[in-house]
$ cat work_32.txt   # compact mmCIF, C-alpha atoms (C1' of nucleotides)
# COMPACT_ATOMS: atom_id res chain seq x y z
CA MET A 15 59.51 -143.14 -115.04
CA ARG A 16 60.73 -139.82 -113.81
CA LYS A 17 62.37 -137.05 -115.75
CA GLY A 18 65.87 -135.72 -115.52
CA PRO A 19 68.55 -133.82 -117.27
CA ALA A 20 69.61 -135.49 -120.46
CA ARG A 21 70.70 -134.37 -123.87
CA GLY A 22 68.55 -133.33 -126.73
CA PRO A 23 67.90 -130.36 -128.93
CA ARG A 24 69.22 -127.34 -127.26
CA PRO A 25 68.62 -123.89 -125.97
CA SER A 26 71.41 -122.08 -127.71
CA SER A 27 72.03 -120.40 -124.40
CA ILE A 28 70.02 -119.02 -121.55
CA ALA A 29 70.51 -115.31 -121.80
CA ARG A 30 69.12 -112.89 -119.30
CA VAL A 31 66.23 -110.99 -120.77
CA GLU A 32 66.22 -107.25 -120.40
CA GLY A 33 63.61 -105.80 -118.08
CA ILE A 34 62.57 -109.09 -116.54
CA ASP A 35 62.43 -109.59 -112.80
CA TYR A 36 64.11 -112.91 -112.02
CA VAL A 37 63.23 -112.67 -108.36
CA ASP A 38 65.21 -115.15 -106.28
CA LEU A 39 65.69 -117.71 -109.01
CA ASP A 40 69.45 -117.46 -108.69
CA GLN A 41 69.22 -118.50 -105.09
CA HIS A 42 68.12 -121.94 -106.17
CA LEU A 43 71.07 -124.22 -106.62
CA GLY A 44 69.24 -126.18 -109.27
CA TYR A 45 68.62 -123.13 -111.40
CA ALA A 46 72.16 -121.86 -111.05
CA LEU A 47 73.54 -125.29 -111.89
CA ARG A 48 71.37 -125.57 -114.94
CA ARG A 49 72.45 -122.19 -116.30
CA ALA A 50 76.09 -123.01 -115.75
CA GLN A 51 75.69 -126.40 -117.33
CA VAL A 52 74.10 -125.00 -120.44
CA ALA A 53 77.01 -122.62 -120.77
CA ALA A 54 79.46 -125.47 -120.24
CA PHE A 55 77.68 -127.54 -122.83
CA ASP A 56 78.00 -124.72 -125.27
CA ALA A 57 81.73 -124.67 -124.69
CA PHE A 58 81.92 -128.42 -125.11
CA HIS A 59 79.97 -128.25 -128.31
CA ARG A 60 82.24 -125.62 -129.75
CA ALA A 61 85.24 -127.73 -128.84
CA THR A 62 83.95 -130.83 -130.56
CA ALA A 63 82.06 -129.21 -133.41
CA GLY A 64 81.56 -131.49 -136.35
CA ALA A 65 82.70 -134.64 -134.61
CA GLY A 66 79.19 -135.50 -133.48
CA VAL A 67 80.59 -136.33 -130.09
CA THR A 68 78.23 -135.64 -127.21
CA PRO A 69 79.27 -135.47 -123.57
CA PRO A 70 78.26 -139.07 -122.82
CA ARG A 71 80.11 -140.27 -125.88
CA PHE A 72 83.20 -138.40 -124.81
CA THR A 73 82.88 -139.83 -121.34
CA ALA A 74 82.56 -143.30 -122.79
CA LEU A 75 85.78 -142.84 -124.74
CA VAL A 76 87.63 -141.69 -121.66
CA ILE A 77 86.29 -144.56 -119.59
CA LEU A 78 87.01 -147.19 -122.22
CA ASN A 79 90.52 -145.92 -122.59
CA ALA A 80 91.20 -146.23 -118.88
CA ASN A 81 89.19 -149.40 -118.34
CA PRO A 82 89.58 -151.69 -121.32
CA GLY A 83 87.36 -154.72 -121.43
CA ILE A 84 84.44 -153.48 -119.37
CA THR A 85 80.95 -154.62 -120.31
CA GLN A 86 78.09 -152.60 -121.71
CA SER A 87 76.18 -152.97 -118.48
CA THR A 88 79.02 -151.43 -116.55
CA LEU A 89 79.32 -148.64 -119.06
CA GLY A 90 75.62 -147.99 -118.61
CA GLN A 91 76.03 -147.80 -114.86
CA ILE A 92 78.87 -145.36 -115.18
CA LEU A 93 76.90 -143.12 -117.50
CA GLY A 94 73.72 -143.53 -115.51
CA THR A 95 71.70 -144.92 -118.40
CA ALA A 96 69.83 -148.16 -119.04
CA ARG A 97 71.52 -151.14 -120.67
CA SER A 98 69.72 -150.45 -123.90
CA GLY A 99 71.17 -146.97 -124.01
CA ALA A 100 74.68 -148.24 -123.43
CA MET A 101 74.15 -150.59 -126.31
CA LEU A 102 73.12 -147.83 -128.70
CA LEU A 103 76.11 -145.82 -127.59
CA THR A 104 78.39 -148.78 -128.21
CA ASP A 105 76.83 -149.25 -131.63
CA TRP A 106 77.63 -145.67 -132.42
CA LEU A 107 81.23 -145.97 -131.30
CA GLU A 108 81.70 -149.23 -133.16
CA GLY A 109 80.05 -147.81 -136.25
CA ARG A 110 82.71 -145.13 -136.41
CA GLY A 111 85.49 -147.56 -135.73
CA LEU A 112 86.30 -145.95 -132.41
CA ALA A 113 85.63 -148.99 -130.25
CA GLU A 114 85.06 -152.69 -130.71
CA ARG A 115 83.34 -155.55 -128.95
CA ARG A 116 85.37 -158.65 -128.21
CA HIS A 117 83.98 -161.90 -126.95
CA ARG A 118 84.83 -162.60 -123.38
CA PRO A 119 86.42 -165.97 -122.82
CA ASP A 120 85.14 -166.05 -119.26
CA ASP A 121 81.55 -165.02 -119.93
CA GLY A 122 79.66 -166.00 -123.04
CA ARG A 123 76.93 -163.47 -122.47
CA ALA A 124 79.03 -160.37 -122.20
CA TRP A 125 81.21 -158.45 -124.58
CA GLY A 126 84.38 -156.72 -123.56
CA LEU A 127 84.64 -153.18 -124.89
CA TYR A 128 87.91 -151.84 -126.23
CA LEU A 129 89.04 -148.64 -127.83
CA THR A 130 90.52 -149.14 -131.28
CA PRO A 131 93.77 -147.42 -132.22
CA LYS A 132 91.68 -144.94 -134.15
CA GLY A 133 89.50 -144.46 -131.08
CA GLY A 134 92.59 -143.73 -129.05
CA ARG A 135 93.78 -141.13 -131.52
CA VAL A 136 90.37 -139.48 -131.73
CA LEU A 137 90.18 -139.41 -127.95
CA GLU A 138 93.54 -137.70 -127.71
CA THR A 139 92.48 -135.01 -130.13
CA LEU A 140 89.17 -134.52 -128.39
CA ARG A 141 90.78 -134.46 -125.00
CA ARG A 142 93.13 -131.73 -126.05
CA ARG A 143 90.35 -129.66 -127.59
CA VAL A 144 87.98 -130.15 -124.68
CA ARG A 145 90.62 -129.32 -122.13
CA GLN A 146 91.52 -126.19 -124.02
CA GLN A 147 87.92 -125.10 -124.33
CA ASP A 148 87.32 -125.95 -120.70
CA ARG A 149 90.11 -123.66 -119.73
CA ARG A 150 88.74 -120.89 -121.89
CA PHE A 151 85.30 -121.43 -120.46
CA ALA A 152 86.64 -121.32 -116.94
CA GLY A 153 88.67 -118.30 -117.86
CA ARG A 154 86.32 -116.10 -115.93
CA LEU A 155 87.43 -117.83 -112.76
CA ALA A 156 90.75 -117.50 -111.03
CA GLY A 157 92.70 -120.73 -110.71
CA ARG A 158 91.78 -121.02 -107.08
CA GLU A 159 88.15 -120.32 -107.80
CA ARG A 160 88.08 -123.05 -110.39
CA ARG A 161 89.52 -125.58 -107.97
CA GLU A 162 87.12 -124.45 -105.28
CA LEU A 163 84.20 -124.81 -107.65
CA LEU A 164 85.21 -128.34 -108.56
CA ARG A 165 85.56 -129.22 -104.90
CA LEU A 166 82.11 -127.88 -104.05
CA LEU A 167 80.47 -129.58 -107.01
CA GLU A 168 82.09 -132.85 -106.07
CA LYS A 169 80.75 -132.48 -102.55
CA LEU A 170 77.24 -131.93 -103.90
CA ALA A 171 77.19 -134.79 -106.35
CA ALA A 172 78.77 -137.35 -104.07
CA MET B 8 70.31 -127.95 -134.87
CA ARG B 9 72.72 -128.65 -132.07
CA LYS B 10 72.20 -130.65 -128.91
CA GLY B 11 72.19 -129.58 -125.32
CA PRO B 12 71.04 -130.32 -121.84
CA ALA B 13 67.33 -130.64 -121.57
CA ARG B 14 64.87 -132.79 -119.68
CA GLY B 15 63.74 -136.23 -120.55
CA PRO B 16 63.68 -139.68 -119.12
CA ARG B 17 66.27 -139.86 -116.47
CA PRO B 18 69.32 -141.47 -115.04
CA SER B 19 68.13 -142.12 -111.54
CA SER B 20 71.47 -140.82 -110.45
CA ILE B 21 75.04 -141.09 -111.55
CA ALA B 22 76.69 -143.27 -108.96
CA ARG B 23 80.36 -144.00 -108.92
CA VAL B 24 81.04 -147.54 -110.00
CA GLU B 25 83.37 -149.59 -107.87
CA GLY B 26 86.72 -150.48 -109.38
CA ILE B 27 86.49 -148.11 -112.30
CA ASP B 28 89.23 -145.67 -113.12
CA TYR B 29 87.61 -142.30 -113.77
CA VAL B 30 90.90 -140.73 -114.74
CA ASP B 31 90.67 -136.97 -114.85
CA LEU B 32 87.00 -136.76 -115.67
CA ASP B 33 86.32 -134.77 -112.52
CA GLN B 34 88.73 -132.14 -113.70
CA HIS B 35 86.34 -131.23 -116.49
CA LEU B 36 83.96 -128.54 -115.40
CA GLY B 37 81.29 -129.86 -117.72
CA TYR B 38 81.37 -133.31 -116.21
CA ALA B 39 81.35 -132.03 -112.64
CA LEU B 40 78.48 -129.68 -113.45
CA ARG B 41 76.49 -132.44 -115.03
CA ARG B 42 76.88 -134.74 -112.04
CA ALA B 43 75.88 -132.01 -109.65
CA GLN B 44 72.92 -131.06 -111.78
CA VAL B 45 71.60 -134.57 -111.91
CA ALA B 46 71.78 -134.70 -108.13
CA ALA B 47 70.02 -131.33 -107.90
CA PHE B 48 67.34 -132.51 -110.26
CA ASP B 49 66.77 -135.51 -108.10
CA ALA B 50 66.24 -133.24 -105.13
CA PHE B 51 63.88 -131.07 -107.14
CA HIS B 52 61.93 -134.05 -108.25
CA ARG B 53 61.51 -135.32 -104.73
CA ALA B 54 60.32 -131.90 -103.66
CA THR B 55 57.67 -131.66 -106.34
CA ALA B 56 56.75 -135.32 -106.59
CA GLY B 57 53.33 -135.91 -107.99
CA ALA B 58 52.77 -132.35 -109.12
CA GLY B 59 54.15 -133.03 -112.55
CA VAL B 60 56.07 -129.80 -112.31
CA THR B 61 59.40 -129.82 -114.09
CA PRO B 62 62.12 -127.25 -113.57
CA PRO B 63 61.13 -125.14 -116.57
CA ARG B 64 57.51 -125.18 -115.46
CA PHE B 65 58.50 -124.07 -112.03
CA THR B 66 60.65 -121.34 -113.50
CA ALA B 67 57.74 -120.23 -115.66
CA LEU B 68 55.51 -119.91 -112.60
CA VAL B 69 58.09 -117.84 -110.78
CA ILE B 70 58.63 -115.61 -113.79
CA LEU B 71 54.94 -115.14 -114.50
CA ASN B 72 54.32 -114.25 -110.90
CA ALA B 73 56.94 -111.53 -110.94
CA ASN B 74 56.30 -110.36 -114.50
CA PRO B 75 52.60 -110.51 -115.22
CA GLY B 76 51.55 -109.89 -118.79
CA ILE B 77 54.67 -111.01 -120.61
CA THR B 78 54.26 -112.72 -123.97
CA GLN B 79 54.97 -116.30 -124.89
CA SER B 80 57.91 -115.24 -126.98
CA THR B 81 59.48 -113.51 -124.03
CA LEU B 82 58.84 -116.51 -121.84
CA GLY B 83 60.57 -118.64 -124.44
CA GLN B 84 63.58 -116.35 -124.44
CA ILE B 85 63.81 -116.50 -120.67
CA LEU B 86 63.67 -120.27 -120.64
CA GLY B 87 65.93 -120.58 -123.64
CA THR B 88 63.43 -122.50 -125.75
CA ALA B 89 61.77 -121.94 -129.10
CA ARG B 90 58.41 -120.16 -129.35
CA SER B 91 56.67 -123.43 -130.01
CA GLY B 92 58.00 -124.81 -126.77
CA ALA B 93 56.83 -121.80 -124.81
CA MET B 94 53.42 -122.31 -126.31
CA LEU B 95 53.23 -125.95 -125.24
CA LEU B 96 54.35 -124.95 -121.77
CA THR B 97 51.67 -122.27 -121.66
CA ASP B 98 49.09 -124.79 -122.80
CA TRP B 99 50.09 -127.03 -119.93
CA LEU B 100 49.85 -124.26 -117.36
CA GLU B 101 46.52 -123.10 -118.72
CA GLY B 102 45.22 -126.64 -118.85
CA ARG B 103 45.77 -126.94 -115.11
CA GLY B 104 44.27 -123.57 -114.41
CA LEU B 105 47.57 -122.20 -113.19
CA ALA B 106 47.90 -119.45 -115.76
CA GLU B 107 45.78 -117.75 -118.38
CA ARG B 108 46.17 -115.89 -121.64
CA ARG B 109 44.58 -112.49 -121.97
CA HIS B 110 44.32 -110.53 -125.16
CA ARG B 111 46.58 -107.59 -125.32
CA PRO B 112 44.88 -104.33 -126.16
CA ASP B 113 48.08 -102.91 -127.60
CA ASP B 114 49.04 -105.86 -129.78
CA GLY B 115 46.54 -108.04 -131.55
CA ARG B 116 49.06 -110.78 -132.23
CA ALA B 117 50.29 -111.39 -128.72
CA TRP B 118 48.78 -112.73 -125.56
CA GLY B 119 49.62 -111.50 -122.12
CA LEU B 120 50.30 -114.30 -119.67
CA TYR B 121 49.04 -114.13 -116.11
CA LEU B 122 49.09 -116.43 -113.11
CA THR B 123 45.64 -117.33 -111.86
CA PRO B 124 44.87 -117.20 -108.12
CA LYS B 125 45.21 -120.96 -108.10
CA GLY B 126 48.51 -120.63 -109.89
CA GLY B 127 49.67 -118.26 -107.22
CA ARG B 128 48.74 -120.66 -104.45
CA VAL B 129 50.38 -123.60 -106.17
CA LEU B 130 53.50 -121.54 -106.70
CA GLU B 131 53.68 -120.67 -103.03
CA THR B 132 53.44 -124.29 -102.00
CA LEU B 133 56.01 -125.35 -104.56
CA ARG B 134 58.33 -122.55 -103.62
CA ARG B 135 58.27 -123.61 -100.01
CA ARG B 136 58.88 -127.24 -100.83
CA VAL B 137 61.62 -126.51 -103.34
CA ARG B 138 63.39 -124.14 -101.01
CA GLN B 139 63.25 -126.70 -98.23
CA GLN B 140 64.57 -129.45 -100.46
CA ASP B 141 67.22 -127.14 -101.83
CA ARG B 142 68.43 -126.52 -98.33
CA ARG B 143 68.53 -130.22 -97.58
CA PHE B 144 70.34 -130.86 -100.82
CA ALA B 145 72.86 -128.17 -100.05
CA GLY B 146 73.17 -129.52 -96.54
CA ARG B 147 76.51 -131.00 -97.36
CA LEU B 148 77.84 -127.50 -97.82
CA ALA B 149 78.51 -124.95 -95.14
CA GLY B 150 76.54 -121.75 -95.50
CA ARG B 151 79.55 -119.92 -96.79
CA GLU B 152 80.36 -122.68 -99.23
CA ARG B 153 76.84 -122.53 -100.61
CA ARG B 154 77.05 -118.81 -101.19
CA GLU B 155 80.47 -119.19 -102.73
CA LEU B 156 79.18 -121.90 -105.05
CA LEU B 157 76.30 -119.71 -106.21
CA ARG B 158 78.69 -116.86 -106.83
CA LEU B 159 81.04 -119.01 -108.90
CA LEU B 160 78.21 -120.55 -110.91
CA GLU B 161 76.82 -117.13 -111.63
CA LYS B 162 80.20 -116.02 -112.87
CA LEU B 163 80.38 -118.99 -115.20
CA ALA B 164 76.92 -118.67 -116.67
CA ALA B 165 76.98 -114.94 -117.15
C1' DT C 9 48.95 -93.71 -146.89
C1' DC C 10 50.37 -97.87 -148.48
C1' DG C 11 53.24 -101.63 -149.30
C1' DA C 12 57.20 -104.39 -147.85
C1' DT C 13 58.97 -106.58 -143.90
C1' DA C 14 59.06 -108.33 -139.19
C1' DT C 15 56.89 -110.44 -135.29
C1' DT C 16 53.42 -113.48 -132.70
C1' DG C 17 51.06 -117.42 -131.95
C1' DT C 18 49.97 -121.65 -133.91
C1' DT C 19 50.16 -126.13 -136.27
C1' DA C 20 52.42 -129.95 -138.33
C1' DC C 21 56.45 -132.61 -138.74
C1' DA C 22 60.97 -134.51 -137.62
C1' DT C 23 64.54 -135.92 -134.34
C1' DA C 24 66.97 -137.56 -130.45
C1' DG C 25 67.64 -139.62 -126.21
C1' DG C 26 66.05 -142.38 -123.04
C1' DA C 27 63.06 -145.89 -120.35
C1' DC C 28 60.66 -150.39 -120.28
C1' DT C 29 59.59 -154.92 -121.63
C1' DA C 30 60.21 -159.23 -123.44
C1' DC C 31 63.52 -162.75 -125.07
C1' DA C 32 67.25 -165.95 -125.80
C1' DA C 33 71.75 -167.25 -124.34
C1' DT C 34 74.60 -167.98 -120.62
C1' DC C 35 76.36 -168.07 -115.85
C1' DG C 36 76.29 -169.38 -110.90
C1' DC C 37 74.88 -171.64 -107.25
C1' DC C 38 72.41 -175.24 -104.86
C1' DG D 22 71.30 -181.01 -113.58
C1' DG D 23 68.08 -177.30 -112.69
C1' DC D 24 66.54 -172.70 -111.39
C1' DG D 25 67.19 -167.89 -110.69
C1' DA D 26 70.05 -163.97 -112.09
C1' DT D 27 72.56 -161.45 -115.60
C1' DT D 28 73.86 -159.89 -120.42
C1' DG D 29 73.04 -158.20 -124.74
C1' DT D 30 69.43 -157.27 -127.86
C1' DA D 31 65.30 -155.64 -130.33
C1' DG D 32 60.98 -153.45 -130.26
C1' DT D 33 57.95 -149.95 -128.60
C1' DC D 34 56.62 -145.75 -126.35
C1' DC D 35 57.18 -141.15 -124.49
C1' DT D 36 58.89 -136.51 -123.86
C1' DA D 37 61.21 -132.49 -124.99
C1' DT D 38 63.01 -130.13 -128.27
C1' DG D 39 63.75 -127.76 -132.88
C1' DT D 40 62.15 -126.20 -137.89
C1' DA D 41 59.23 -124.82 -141.24
C1' DA D 42 55.16 -122.94 -142.89
C1' DC D 43 51.03 -119.89 -142.18
C1' DA D 44 47.68 -116.36 -141.00
C1' DA D 45 46.98 -112.25 -138.49
C1' DT D 46 48.84 -108.16 -137.03
C1' DA D 47 52.51 -104.42 -136.34
C1' DT D 48 55.93 -101.46 -137.90
C1' DC D 49 58.59 -98.77 -140.75
C1' DG D 50 59.95 -96.39 -144.86
C1' DA D 51 59.03 -94.32 -149.31
$ encode --input "work_32.txt" --output "structure tokens"
Amino acid sequence: MRKGPARGPRPSSIARVEGIDYVDLDQHLGYALRRAQVAAFDAFHRATAGAGVTPPRFTALVILNANPGITQSTLGQILGTARSGAMLLTDWLEGRGLAERRHRPDDGRAWGLYLTPKGGRVLETLRRRVRQQDRRFAGRLAGRERRELLRLLEKLAA
Amino acid sequence: MRKGPARGPRPSSIARVEGIDYVDLDQHLGYALRRAQVAAFDAFHRATAGAGVTPPRFTALVILNANPGITQSTLGQILGTARSGAMLLTDWLEGRGLAERRHRPDDGRAWGLYLTPKGGRVLETLRRRVRQQDRRFAGRLAGRERRELLRLLEKLAA
DNA sequence: TCGATATTGTTACATAGGACTACAATCGCC
DNA sequence: GGCGATTGTAGTCCTATGTAACAATATCGA
């Protein structure tokens, strides 16, 4: 229906071009957020290179680990995607042996989603790498600045 | 080649789901940035509803206005997209009479891009609406917080 | 000056992530 | 028991990219 930020082929980075007048573009929160997010995505991608793990997939792993047994619908809500998208994501995870669907005794329609032992191990590795890269990425900020940034972002997205 | 944030069909918003343990997801800059950006995009979309103007299109208008005569390649660099994408974008702008291509006397290969008078008017309207919506969106932040946020984002994206 | 090389716009093609809809199975509630 | 709501699923469509190939033109070096 409408359009929004998602994931797809990527701008390797949004570099400033020499000799161009950017006017007051930086004063727009949306523009500033987008630039920062592209940079963050770059960092994420470097951290997980080769694993084929995208941000939503990583998020799904984290969520499944902390909330075993949730349904695909719930996962979709958490990620902000349609049910069909959550299903494709689950297919992907299951296809790699990272997660599995288990019938729910209490509800014949729904599946419960669980991380497999392998999924847990992969998550741990990813988590370590992502955290490390995150720290490097945020290296330009002082510790207090980083915390302040997170606080402000949280306030915006709430 | 790789994947990254872009625009496409959208998650209407990424709401927190009741009873779910989000663990330390908020501690990841990438995740926090993404959530904030989705919210910002929502605000942008409301501001430009009906105009069919997406963030990159808006950016292109602003850039063309301040840098008349730039080439499509340069526009692509600024937006962080491939030449072919810049061309499609230019087609769209030209199709609506917002911008036009003019032959360059100095380079037979390239076109110079210029905003039309109509393009200028549309930009002014959009700019006003976007700025207004931006302010509303940032309303949850104190003036100083907003400036601080922009400063930190800039530092990250640089 | 001329030929190799690079750049620009363009076209055609491929991909990826979503949304939307329709459907069958199942649940919940009256 | 029956009807509306929910769940997973499959199918289809759309949009925004990127890549590769090409012709025209520029540029640079021998």
$ atom_distance --input "work_32.txt" --atom1 "atom CA of A:Leu39" --atom2 "atom CA of B:Leu160"
13.0 Å
$ closest_atom_pairs --input "work_32.txt" --of "chain C" --to "stretch 92-114 of chain B" --cutoff "12 Å" --atoms "all atoms listed in the file" --output "CSV"
residue,atom,partner,partner_atom,distance
C:DT15,C1',B:Asp114,CA,10.6
C:DT16,C1',B:Asp114,CA,9.3
C:DG17,C1',B:Met94,CA,7.8
C:DT18,C1',B:Met94,CA,8.4
C:DT19,C1',B:Met94,CA,11.2
$ residues_around --input "work_32.txt" --residues "D:DT33" --least-positions-apart "3" --cutoff "12 Å" --atoms "all atoms listed in the file" --output "short mmCIF file (atom, residue, chain, number, x, y, z; two decimals) with C-alpha atoms (C1' of nucleotides), in the coordinates of the input"
data_model
loop_
_atom_site.label_atom_id
_atom_site.label_comp_id
_atom_site.auth_asym_id
_atom_site.auth_seq_id
_atom_site.Cartn_x
_atom_site.Cartn_y
_atom_site.Cartn_z
"C1'" DA C 27 63.06 -145.89 -120.35
"C1'" DC C 28 60.66 -150.39 -120.28
"C1'" DT C 29 59.59 -154.92 -121.63
"C1'" DA C 30 60.21 -159.23 -123.44
#
$ atom_distance --input "work_32.txt" --atom1 "atom CA of B:Asn72" --atom2 "atom CA of B:Tyr121"
7.4 Å
$ atom_distance --input "work_32.txt" --atom1 "atom C1' of D:DG22" --atom2 "atom C1' of C:DA32"
19.8 Å
$ closest_residue --input "work_32.txt" --among "C:DA14, C:DT9, C:DA33, C:DA24" --to "D:DG39" --atoms "all atoms listed in the file"
C:DA24
$ closest_atom_pairs --input "work_32.txt" --of "chain D" --to "chain A" --cutoff "10 Å" --atoms "all atoms listed in the file" --output "JSON lines"
{"residue": "D:DT27", "atom": "C1'", "partner": "A:Arg123", "partner_atom": "CA", "distance": 8.4}
{"residue": "D:DT28", "atom": "C1'", "partner": "A:Arg123", "partner_atom": "CA", "distance": 5.1}
{"residue": "D:DG29", "atom": "C1'", "partner": "A:Ala124", "partner_atom": "CA", "distance": 6.9}
{"residue": "D:DT30", "atom": "C1'", "partner": "A:Ser98", "partner_atom": "CA", "distance": 7.9}
{"residue": "D:DA31", "atom": "C1'", "partner": "A:Ser98", "partner_atom": "CA", "distance": 9.4}
{"residue": "D:DC35", "atom": "C1'", "partner": "A:Met15", "partner_atom": "CA", "distance": 9.9}
{"residue": "D:DT36", "atom": "C1'", "partner": "A:Lys17", "partner_atom": "CA", "distance": 8.8}
{"residue": "D:DA37", "atom": "C1'", "partner": "A:Gly22", "partner_atom": "CA", "distance": 7.6}
{"residue": "D:DT38", "atom": "C1'", "partner": "A:Pro23", "partner_atom": "CA", "distance": 4.9}
{"residue": "D:DG39", "atom": "C1'", "partner": "A:Pro23", "partner_atom": "CA", "distance": 6.3}
$ axis_aligned_box --input "work_32.txt" --around "stretch 34-43 of chain D" --padding-each-side "8 Å" --output "JSON"
{"center_x": 57.4, "center_y": -132.8, "center_z": -133.4, "size_x": 28.7, "size_y": 41.9, "size_z": 35.0}
$ closest_residue --input "work_32.txt" --among "B:Pro75, B:Gly119, B:Pro62, B:Gly87" --to "chain C" --atoms "only C-alpha atoms (C1' of nucleotides)"
B:Gly119
$ decode --input "work_32.txt" --residues "stretch 9-70 of chain B" --atoms "C-alpha atoms" --output "PDB file, in the first residue's frame"
ATOM      1  CA  ARG B   9      24.984  -6.997  -1.135  1.00  0.00           C
ATOM      2  CA  LYS B  10      21.771  -5.910   0.526  1.00  0.00           C
ATOM      3  CA  GLY B  11      20.911  -2.744   2.334  1.00  0.00           C
ATOM      4  CA  PRO B  12      18.206  -0.421   3.454  1.00  0.00           C
ATOM      5  CA  ALA B  13      16.096   0.815   0.630  1.00  0.00           C
ATOM      6  CA  ARG B  14      12.449   1.585   0.037  1.00  0.00           C
ATOM      7  CA  GLY B  15       9.728  -0.834  -0.784  1.00  0.00           C
ATOM      8  CA  PRO B  16       6.451  -2.022   0.542  1.00  0.00           C
ATOM      9  CA  ARG B  17       6.310  -1.187   4.158  1.00  0.00           C
ATOM     10  CA  PRO B  18       5.873  -2.263   7.705  1.00  0.00           C
ATOM     11  CA  SER B  19       3.203   0.148   8.783  1.00  0.00           C
ATOM     12  CA  SER B  20       5.248   0.599  11.898  1.00  0.00           C
ATOM     13  CA  ILE B  21       7.238  -1.542  14.237  1.00  0.00           C
ATOM     14  CA  ALA B  22       5.180  -1.698  17.383  1.00  0.00           C
ATOM     15  CA  ARG B  23       6.342  -3.382  20.524  1.00  0.00           C
ATOM     16  CA  VAL B  24       4.504  -6.615  21.070  1.00  0.00           C
ATOM     17  CA  GLU B  25       3.072  -7.244  24.500  1.00  0.00           C
ATOM     18  CA  GLY B  26       4.682  -9.983  26.543  1.00  0.00           C
ATOM     19  CA  ILE B  27       7.707 -10.412  24.327  1.00  0.00           C
ATOM     20  CA  ASP B  28      11.211 -10.350  25.696  1.00  0.00           C
ATOM     21  CA  TYR B  29      13.277  -8.102  23.442  1.00  0.00           C
ATOM     22  CA  VAL B  30      16.452  -8.885  25.323  1.00  0.00           C
ATOM     23  CA  ASP B  31      19.220  -6.478  24.445  1.00  0.00           C
ATOM     24  CA  LEU B  32      18.026  -5.669  20.962  1.00  0.00           C
ATOM     25  CA  ASP B  33      17.748  -1.991  21.821  1.00  0.00           C
ATOM     26  CA  GLN B  34      21.402  -1.947  22.684  1.00  0.00           C
ATOM     27  CA  HIS B  35      22.246  -2.484  19.039  1.00  0.00           C
ATOM     28  CA  LEU B  36      22.646   0.795  17.248  1.00  0.00           C
ATOM     29  CA  GLY B  37      21.470  -0.743  14.007  1.00  0.00           C
ATOM     30  CA  TYR B  38      18.219  -1.934  15.495  1.00  0.00           C
ATOM     31  CA  ALA B  39      17.518   1.360  17.243  1.00  0.00           C
ATOM     32  CA  LEU B  40      18.308   3.266  14.060  1.00  0.00           C
ATOM     33  CA  ARG B  41      16.026   1.087  12.028  1.00  0.00           C
ATOM     34  CA  ARG B  42      13.104   1.551  14.391  1.00  0.00           C
ATOM     35  CA  ALA B  43      13.567   5.290  14.442  1.00  0.00           C
ATOM     36  CA  GLN B  44      13.886   5.422  10.690  1.00  0.00           C
ATOM     37  CA  VAL B  45      10.681   3.536  10.132  1.00  0.00           C
ATOM     38  CA  ALA B  46       8.922   6.009  12.400  1.00  0.00           C
ATOM     39  CA  ALA B  47      10.513   8.911  10.526  1.00  0.00           C
ATOM     40  CA  PHE B  48       9.462   7.438   7.230  1.00  0.00           C
ATOM     41  CA  ASP B  49       5.939   7.205   8.475  1.00  0.00           C
ATOM     42  CA  ALA B  50       6.018  10.890   9.304  1.00  0.00           C
ATOM     43  CA  PHE B  51       7.466  11.691   5.898  1.00  0.00           C
ATOM     44  CA  HIS B  52       4.819   9.672   4.195  1.00  0.00           C
ATOM     45  CA  ARG B  53       2.045  11.436   6.027  1.00  0.00           C
ATOM     46  CA  ALA B  54       3.558  14.769   5.068  1.00  0.00           C
ATOM     47  CA  THR B  55       3.724  13.966   1.386  1.00  0.00           C
ATOM     48  CA  ALA B  56       0.663  11.766   1.120  1.00  0.00           C
ATOM     49  CA  GLY B  57      -0.744  11.579  -2.351  1.00  0.00           C
ATOM     50  CA  ALA B  58       2.187  13.268  -4.034  1.00  0.00           C
ATOM     51  CA  GLY B  59       3.916   9.986  -4.697  1.00  0.00           C
ATOM     52  CA  VAL B  60       7.134  11.568  -3.545  1.00  0.00           C
ATOM     53  CA  THR B  61       9.511   9.203  -1.818  1.00  0.00           C
ATOM     54  CA  PRO B  62      12.482  10.277   0.252  1.00  0.00           C
ATOM     55  CA  PRO B  63      14.996   9.882  -2.572  1.00  0.00           C
ATOM     56  CA  ARG B  64      12.746  11.848  -4.899  1.00  0.00           C
ATOM     57  CA  PHE B  65      12.455  14.600  -2.374  1.00  0.00           C
ATOM     58  CA  THR B  66      16.196  14.593  -1.908  1.00  0.00           C
ATOM     59  CA  ALA B  67      16.661  14.797  -5.654  1.00  0.00           C
ATOM     60  CA  LEU B  68      14.434  17.864  -5.831  1.00  0.00           C
ATOM     61  CA  VAL B  69      16.359  19.580  -3.066  1.00  0.00           C
ATOM     62  CA  ILE B  70      19.688  18.736  -4.674  1.00  0.00           C
TER      63      ILE B  70
END
